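Colleague: My questions all concern the structure below.
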2 protein chains.
Amino acid sequence: MVPGARPTYAVIAKTAGVSEATVSRVLNGDESVHPERARRVQEAVEKLGYKKNRVASALASGRTGLIAVVIDDDLSVFADPFWGTVTSGVSRVLQENGLHTVLMVSPVGSLEGGVSHYLKSGEVDGAIFFVLHSDALVNDLKKRGLPLVITGTPHSSTDIPFVDTDNFGGAYTATKHLMSQGCKKVGIITGDIGTTAAKQRLDGYLQAYRESGHLPGKGLICEGDYSFESGKKHAQTLLETHPDLDGIFASNDLMAMGAITVLESAGKSVPTHVRVVGFDDALIAQTSRPALTTIRQDVVALGEAAATLMIAQLNGHEIEPIILPTELIIRESA
Amino acid sequence: MVPGARPTYAVIAKTAGVSEATVSRVLNGDESVHPERARRVQEAVEKLGYKKNRVASALASGRTGLIAVVIDDDLSVFADPFWGTVTSGVSRVLQENGLHTVLMVSPVGSLEGGVSHYLKSGEVDGAIFFVLHSDALVNDLKKRGLPLVITGTPHSSTDIPFVDTDNFGGAYTATKHLMSQGCKKVGIITGDIGTTAAKQRLDGYLQAYRESGHLPGKGLICEGDYSFESGKKHAQTLLETHPDLDGIFASNDLMAMGAITVLESAGKSVPTHVRVVGFDDALIAQTSRPALTTIRQDVVALGEAAATLMIAQLNGHEIEPIILPTELIIRESA
DNA sequence: ACTACCCGCGAAACCGCTTTCACGAACCTC
DNA sequence: GAGGTTCGTGAAAGCGGTTTCGCGGGTAGT
């Protein structure tokens, strides 16, 4: 054996005095090997510092040990710390289970792009999707039997496992909180309404309103897109159409910040004149002045849950969607 | 051939009427195949929708087409949008070159951890490191011939290719700017001084000070750690020890924000009494009030440069470190 | 015309692990 | 004690490409 070269089954087998088949059995946890021989194999592995060649193993077994994390968007998504954080949660859990994370940041609108091809080609054992803009690709992959997990709620009621934050409940709590603080006229700035999360948050807001015995007046519902700019723009509109506005629920912290900026430059003090609640509990919620009252979601847990669901699937377990709870974090803005 | 199954060289070869060896040559760009036969192979590939099995290819050739992106830290790193953004730049460029990004978020202090093993086991063709806390692992990998790129300047003067932002120049520009605005007493809150970036930014600050004919007084240099809290803490200290402080250069935007928070609650208005400059041009620099004057670094470009350097190495090209320029973005805080 | 080379190509070995299959020994059963 | 099981094991056939090696034919040199 050349010094630098890694040992193979051949040398393990010879050292342990067994066949390669037995080595394979031991290393894959096959119980049927005699304990004594198993021990000898273990010793040989130990002594030679053997590590399985994953590529060869993948070729023979059809399992690559790779899980794709697909971000259905362009670069801008990763600028949001949210997805980076989810990804790190995914990556850590997968790693602990001997799997690796293959990252693909790319719009996957079509069923025929490079990403799609890669996923269909059997080079990953499963795929976790973020920010899904359409269910077409996942439905196709599902049919081909690729284990999938979606982070966020899918659009159609497919039976693909997903993990999500309780968007409805969080938004409901946020709106209720504003009302309990005395707000009579609460506007909402939604996220990109093409996302299910934005829809669910809107629904939570509507539900809270409904329970208050009123309905949100026309124009209290503004369709934003999660960006700082859109928060500014819609707060401006709200101020103009509803001078007596006294509360805003923004579907994320960034838009809440945008709204506060506009409110204050219009002479409306937060929270004295207008109370504002955000969503996410991003870093800026803590660093802003006034500090933002918001709905916290556990982002790392979201990633971990996604990975956990994936691993359960790979092990052939039955699985249910996971909905993570939110928490109202009261700071200064409401 | 079973309907769902993917074609292999065997069927391509038969369809094109050539040997498998020739198919391999054509698909790997070997020029020595007769054009006519090459065309026949291409046609067969086209007709059958053939895609190479990367795993089999990897086993036979020893090249996996996978590049590891290693983040030498725990979860907190990814919460910083900075690294997410770099990663997306890396991923995109690699993808365009037929390579895939394997993400590993894990402290790699030791030479013996799981990550280390993975990198040494030949299952990736190269590795790109972020946030390197020690050069030990990379030097070891370098010796083993694994192509490497470091994002950020390495500690020792190894000859490992790296990409970095011009930290020194940026800090120098920031400090000069403060002085040109009339600041006489400028403090610095450094980043985690265990990172080369923090050291270089400190050096830039010192250089600007030196050129002004003075030296920064004792206590003007505070050792922070890039966190919001540390910005607050050190601004507090600076205010106490130097009541006449009129400028702060913070080594990142987050600490600058922390400093501003403290300054304003101490009754010091920004920029009237104290001017503040940050570094990064993160999202919060734009959304904060007052909007933060800062040093912009092109984060996506950093990732792209790292990937480009990796690809050049894989192609056997000679390569030089890449230092990306910074830009002073003047907003309200200075 | 004869040896020397070069070129394009296919046969076959090989990459390192997984898995099927069949064999021999030990254990039952009546 | 003969026939039937069960169990542990190794030989060998893959997995799907890559690469070496050598062959046959064409070109060149003398």
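Chain identifiers are assigned as A, B, and so on, following the order in which chains appear in the structure tokens; residues are numbered from 1 within each chain, and ligands are numbered from 1 in order of appearance.
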Show which residues sit within 12 Å of B:Gly213, as a list in words. Count only C-alpha atoms (C1' of nucleotides), and ignore same-chain residues fewer than 4 positions away.
Modeller: Met179, Lys184, Leu206, Gln207, Ala208 and Tyr209 of chain B
Colleague: Could you save those same residues with C-alpha atoms as an mmCIF file, in the first residue's frame?
Modeller:
```cif
data_model
loop_
_atom_site.group_PDB
_atom_site.id
_atom_site.type_symbol
_atom_site.label_atom_id
_atom_site.label_comp_id
_atom_site.auth_asym_id
_atom_site.auth_seq_id
_atom_site.Cartn_x
_atom_site.Cartn_y
_atom_site.Cartn_z
ATOM 1 C CA MET B 179 -11.107 64.016 10.139
ATOM 2 C CA LYS B 184 -10.287 65.942 16.289
ATOM 3 C CA LEU B 206 -3.867 54.126 12.766
ATOM 4 C CA GLN B 207 -2.357 55.059 9.434
ATOM 5 C CA ALA B 208 -4.886 57.857 8.930
ATOM 6 C CA TYR B 209 -4.225 59.080 12.420
#
```
Colleague: Among stretch 79-175 of chain A, which ones does DSSP place in helix (DSSP H, G or I), written as a ChimeraX atom specification?
Modeller: /A:79,81-96,114-120,136-143,167-175
Colleague: Give me, as a list in words, the residues of stretch 176-314 of chain A that a backbone DSSP run labels strand (DSSP E or B).
Modeller: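 Taking stretch 176-314 of chain A and keeping strand (DSSP E or B) gives Val186, Gly187, Ile188, Ile189, Thr190, Ile221, Cys222, Glu223, Gly247, Ile248, Phe249, Ala250, Arg275, Val276, Val277, Gly278, Phe279, Asp280, Thr293, Thr294, Ile295, Arg296 and Gln297 of chain A.
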Colleague: Please write the residues from the selection above to a file, keeping N, CA and C atoms, as an mmCIF file, in the first residue's frame.
Modeller:
```cif
data_model
loop_
_atom_site.group_PDB
_atom_site.id
_atom_site.type_symbol
_atom_site.label_atom_id
_atom_site.label_comp_id
_atom_site.auth_asym_id
_atom_site.auth_seq_id
_atom_site.Cartn_x
_atom_site.Cartn_y
_atom_site.Cartn_z
ATOM 1 N N VAL A 186 -56.338 49.605 12.781
ATOM 2 C CA VAL A 186 -55.056 48.941 12.553
ATOM 3 C C VAL A 186 -54.899 48.563 11.078
ATOM 4 N N GLY A 187 -53.869 49.087 10.463
ATOM 5 C CA GLY A 187 -53.587 48.725 9.073
ATOM 6 C C GLY A 187 -52.620 47.553 9.016
ATOM 7 N N ILE A 188 -52.601 46.873 7.877
ATOM 8 C CA ILE A 188 -51.613 45.800 7.698
ATOM 9 C C ILE A 188 -50.833 46.064 6.423
ATOM 10 N N ILE A 189 -49.553 45.823 6.505
ATOM 11 C CA ILE A 189 -48.736 45.821 5.298
ATOM 12 C C ILE A 189 -48.324 44.378 5.104
ATOM 13 N N THR A 190 -48.835 43.752 4.085
ATOM 14 C CA THR A 190 -48.584 42.321 3.891
ATOM 15 C C THR A 190 -47.237 42.108 3.224
ATOM 16 N N ILE A 221 -55.705 47.493 4.156
ATOM 17 C CA ILE A 221 -54.864 46.363 3.766
ATOM 18 C C ILE A 221 -53.979 46.743 2.589
ATOM 19 N N CYS A 222 -52.678 46.797 2.847
ATOM 20 C CA CYS A 222 -51.740 47.191 1.802
ATOM 21 C C CYS A 222 -50.855 46.016 1.413
ATOM 22 N N GLU A 223 -50.707 45.854 0.129
ATOM 23 C CA GLU A 223 -49.933 44.711 -0.334
ATOM 24 C C GLU A 223 -48.463 45.067 -0.538
ATOM 25 N N GLY A 247 -52.563 52.056 14.495
ATOM 26 C CA GLY A 247 -51.796 50.828 14.620
ATOM 27 C C GLY A 247 -51.420 50.266 13.259
ATOM 28 N N ILE A 248 -50.253 49.648 13.182
ATOM 29 C CA ILE A 248 -49.839 48.983 11.941
ATOM 30 C C ILE A 248 -49.241 47.626 12.299
ATOM 31 N N PHE A 249 -49.726 46.605 11.617
ATOM 32 C CA PHE A 249 -49.060 45.311 11.709
ATOM 33 C C PHE A 249 -48.344 45.090 10.388
ATOM 34 N N ALA A 250 -47.029 45.001 10.469
ATOM 35 C CA ALA A 250 -46.240 44.772 9.259
ATOM 36 C C ALA A 250 -45.830 43.306 9.231
ATOM 37 N N ARG A 275 -49.026 52.649 16.996
ATOM 38 C CA ARG A 275 -48.278 51.495 17.487
ATOM 39 C C ARG A 275 -47.952 50.589 16.303
ATOM 40 N N VAL A 276 -46.772 49.996 16.364
ATOM 41 C CA VAL A 276 -46.335 49.167 15.245
ATOM 42 C C VAL A 276 -45.828 47.817 15.755
ATOM 43 N N VAL A 277 -46.271 46.759 15.107
ATOM 44 C CA VAL A 277 -45.760 45.427 15.412
ATOM 45 C C VAL A 277 -45.204 44.813 14.132
ATOM 46 N N GLY A 278 -44.070 44.177 14.263
ATOM 47 C CA GLY A 278 -43.456 43.517 13.108
ATOM 48 C C GLY A 278 -43.616 42.009 13.196
ATOM 49 N N PHE A 279 -42.811 41.306 12.423
ATOM 50 C CA PHE A 279 -42.846 39.843 12.413
ATOM 51 C C PHE A 279 -41.439 39.360 12.086
ATOM 52 N N ASP A 280 -40.981 38.367 12.801
ATOM 53 C CA ASP A 280 -39.688 37.684 12.602
ATOM 54 C C ASP A 280 -38.807 37.750 13.841
ATOM 55 N N THR A 293 -41.553 45.940 18.746
ATOM 56 C CA THR A 293 -42.394 44.859 19.255
ATOM 57 C C THR A 293 -42.700 43.968 18.057
ATOM 58 N N THR A 294 -42.535 42.677 18.243
ATOM 59 C CA THR A 294 -42.635 41.818 17.076
ATOM 60 C C THR A 294 -43.026 40.395 17.444
ATOM 61 N N ILE A 295 -43.252 39.595 16.434
ATOM 62 C CA ILE A 295 -43.573 38.190 16.616
ATOM 63 C C ILE A 295 -42.316 37.389 16.323
ATOM 64 N N ARG A 296 -41.822 36.722 17.316
ATOM 65 C CA ARG A 296 -40.598 35.957 17.106
ATOM 66 C C ARG A 296 -40.902 34.596 16.522
ATOM 67 N N GLN A 297 -40.132 34.229 15.512
ATOM 68 C CA GLN A 297 -40.181 32.845 15.063
ATOM 69 C C GLN A 297 -38.792 32.262 15.249
#
```
Colleague: Would you kindly return, as a ChimeraX atom specification, each protein, DNA or RNA residue with an atom no farther than 9 Å from any atom of A:Val149, considering only C-alpha atoms (C1' of nucleotides) and excluding same-chain residues fewer than 6 positions away?
Modeller: /A:126-129,160-163,306-307,309-310
Colleague: How would the residues just picked look written out with C-alpha atoms as a PDB file, in the first residue's frame?
Modeller:
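Final file, part-v9.pdb:
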```
ATOM      1  CA  GLY A 126     -33.532  14.311  -1.078  1.00  0.00           C
ATOM      2  CA  ALA A 127     -34.269  17.994  -1.430  1.00  0.00           C
ATOM      3  CA  ILE A 128     -35.342  20.734   0.935  1.00  0.00           C
ATOM      4  CA  PHE A 129     -36.979  23.729  -0.699  1.00  0.00           C
ATOM      5  CA  ILE A 160     -45.534  16.894   0.576  1.00  0.00           C
ATOM      6  CA  PRO A 161     -44.143  17.240   4.083  1.00  0.00           C
ATOM      7  CA  PHE A 162     -43.454  20.776   5.141  1.00  0.00           C
ATOM      8  CA  VAL A 163     -42.346  22.788   8.124  1.00  0.00           C
ATOM      9  CA  ALA A 306     -36.828  20.567   8.022  1.00  0.00           C
ATOM     10  CA  ALA A 307     -33.736  18.415   8.319  1.00  0.00           C
ATOM     11  CA  LEU A 309     -38.330  15.624   8.618  1.00  0.00           C
ATOM     12  CA  MET A 310     -36.003  14.747   5.791  1.00  0.00           C
TER      13      MET A 310
END
```
Colleague: Tell me the residues of chain D close to chain B, meaning within 6 Å using only C-alpha atoms (C1' of nucleotides), as a ChimeraX atom specification.
Modeller: /D:16-18
Colleague: Output the selection as an mmCIF file, in the first residue's frame - N, CA and C atoms (P, O5', C5', C4', C3', O3' and C1' of nucleotides) for each residue.
Modeller:
```cif
data_model
loop_
_atom_site.group_PDB
_atom_site.id
_atom_site.type_symbol
_atom_site.label_atom_id
_atom_site.label_comp_id
_atom_site.auth_asym_id
_atom_site.auth_seq_id
_atom_site.Cartn_x
_atom_site.Cartn_y
_atom_site.Cartn_z
ATOM 1 P P DG D 16 -26.127 1.738 -13.465
ATOM 2 O "O5'" DG D 16 -25.022 2.716 -14.081
ATOM 3 C "C5'" DG D 16 -24.763 3.947 -13.437
ATOM 4 C "C4'" DG D 16 -23.453 4.510 -13.936
ATOM 5 C "C3'" DG D 16 -23.332 4.590 -15.460
ATOM 6 O "O3'" DG D 16 -22.706 5.809 -15.770
ATOM 7 C "C1'" DG D 16 -21.499 3.468 -14.596
ATOM 8 P P DG D 17 -22.916 6.453 -17.157
ATOM 9 O "O5'" DG D 17 -21.811 7.603 -17.081
ATOM 10 C "C5'" DG D 17 -20.563 7.410 -17.668
ATOM 11 C "C4'" DG D 17 -19.483 7.441 -16.611
ATOM 12 C "C3'" DG D 17 -18.104 7.722 -17.200
ATOM 13 O "O3'" DG D 17 -17.685 9.004 -16.792
ATOM 14 C "C1'" DG D 17 -18.099 5.731 -15.836
ATOM 15 P P DT D 18 -16.458 9.664 -17.653
ATOM 16 O "O5'" DT D 18 -15.161 8.832 -17.226
ATOM 17 C "C5'" DT D 18 -14.636 8.989 -15.930
ATOM 18 C "C4'" DT D 18 -13.291 8.313 -15.834
ATOM 19 C "C3'" DT D 18 -12.237 8.805 -16.826
ATOM 20 O "O3'" DT D 18 -11.041 8.916 -16.081
ATOM 21 C "C1'" DT D 18 -12.471 6.464 -17.026
#
```
Colleague: Please report as a list in words which residues of chain C come no farther than 9 Å from chain A, using only C-alpha atoms (C1' of nucleotides).
Modeller: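 Per the criterion, chain C yields DC15, DG16, DC17, DT18 and DT19 of chain C.
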Colleague: Could those residues be written to a file, using C-alpha atoms (C1' of nucleotides), as a JSON list (two decimals), in the first residue's frame?
Modeller:
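Saved as part_8.json:
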```json
[["chain", "number", "residue", "atom", "x", "y", "z"],
["C", 15, "DC", "C1'", -12.33, 2.83, -9.19],
["C", 16, "DG", "C1'", -14.14, 0.88, -4.02],
["C", 17, "DC", "C1'", -18.14, -0.50, -2.15],
["C", 18, "DT", "C1'", -22.90, -3.25, -2.09],
["C", 19, "DT", "C1'", -25.66, -7.08, -2.67]]
```
Colleague: How close does chain B get to chain A? List, as a Markdown table, each residue of chain B within 7 Å, its nearest atom pair and the distance in Å to one decimal, counting only C-alpha atoms.
Modeller:
```
| residue | atom | partner | partner_atom | distance |
| --- | --- | --- | --- | --- |
| B:Val55 | CA | A:Leu59 | CA | 5.8 |
| B:Ala56 | CA | A:Leu59 | CA | 5.8 |
| B:Ala58 | CA | A:Val55 | CA | 6.8 |
| B:Leu59 | CA | A:Ala56 | CA | 5.8 |
| B:Leu75 | CA | A:Ser88 | CA | 6.0 |
| B:Phe78 | CA | A:Gly84 | CA | 5.2 |
| B:Ala79 | CA | A:Thr85 | CA | 5.1 |
| B:Asp80 | CA | A:Pro81 | CA | 6.0 |
| B:Pro81 | CA | A:Pro81 | CA | 4.5 |
| B:Gly84 | CA | A:Phe78 | CA | 5.2 |
| B:Thr85 | CA | A:Ala79 | CA | 5.2 |
| B:Ser88 | CA | A:Leu75 | CA | 6.0 |
| B:Ser91 | CA | A:Val105 | CA | 6.6 |
| B:Arg92 | CA | A:Val105 | CA | 6.6 |
| B:His100 | CA | A:Val102 | CA | 6.8 |
| B:Thr101 | CA | A:Leu103 | CA | 5.4 |
| B:Val102 | CA | A:Val102 | CA | 4.4 |
| B:Leu103 | CA | A:Thr101 | CA | 5.4 |
| B:Met104 | CA | A:Ser91 | CA | 6.7 |
| B:Val105 | CA | A:Ser88 | CA | 6.4 |
| B:Glu123 | CA | A:Val55 | CA | 7.0 |
| B:Ile284 | CA | A:Ile284 | CA | 6.9 |
| B:Ser288 | CA | A:Ser288 | CA | 6.9 |
```
Colleague: So, with only C-alpha atoms as the atoms that count, which of B:Gly152, B:Ile319, B:Ser251, B:Phe130 lies closest to B:Thr175?
Modeller: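 Smallest distance to B:Thr175 is found for B:Ser251.
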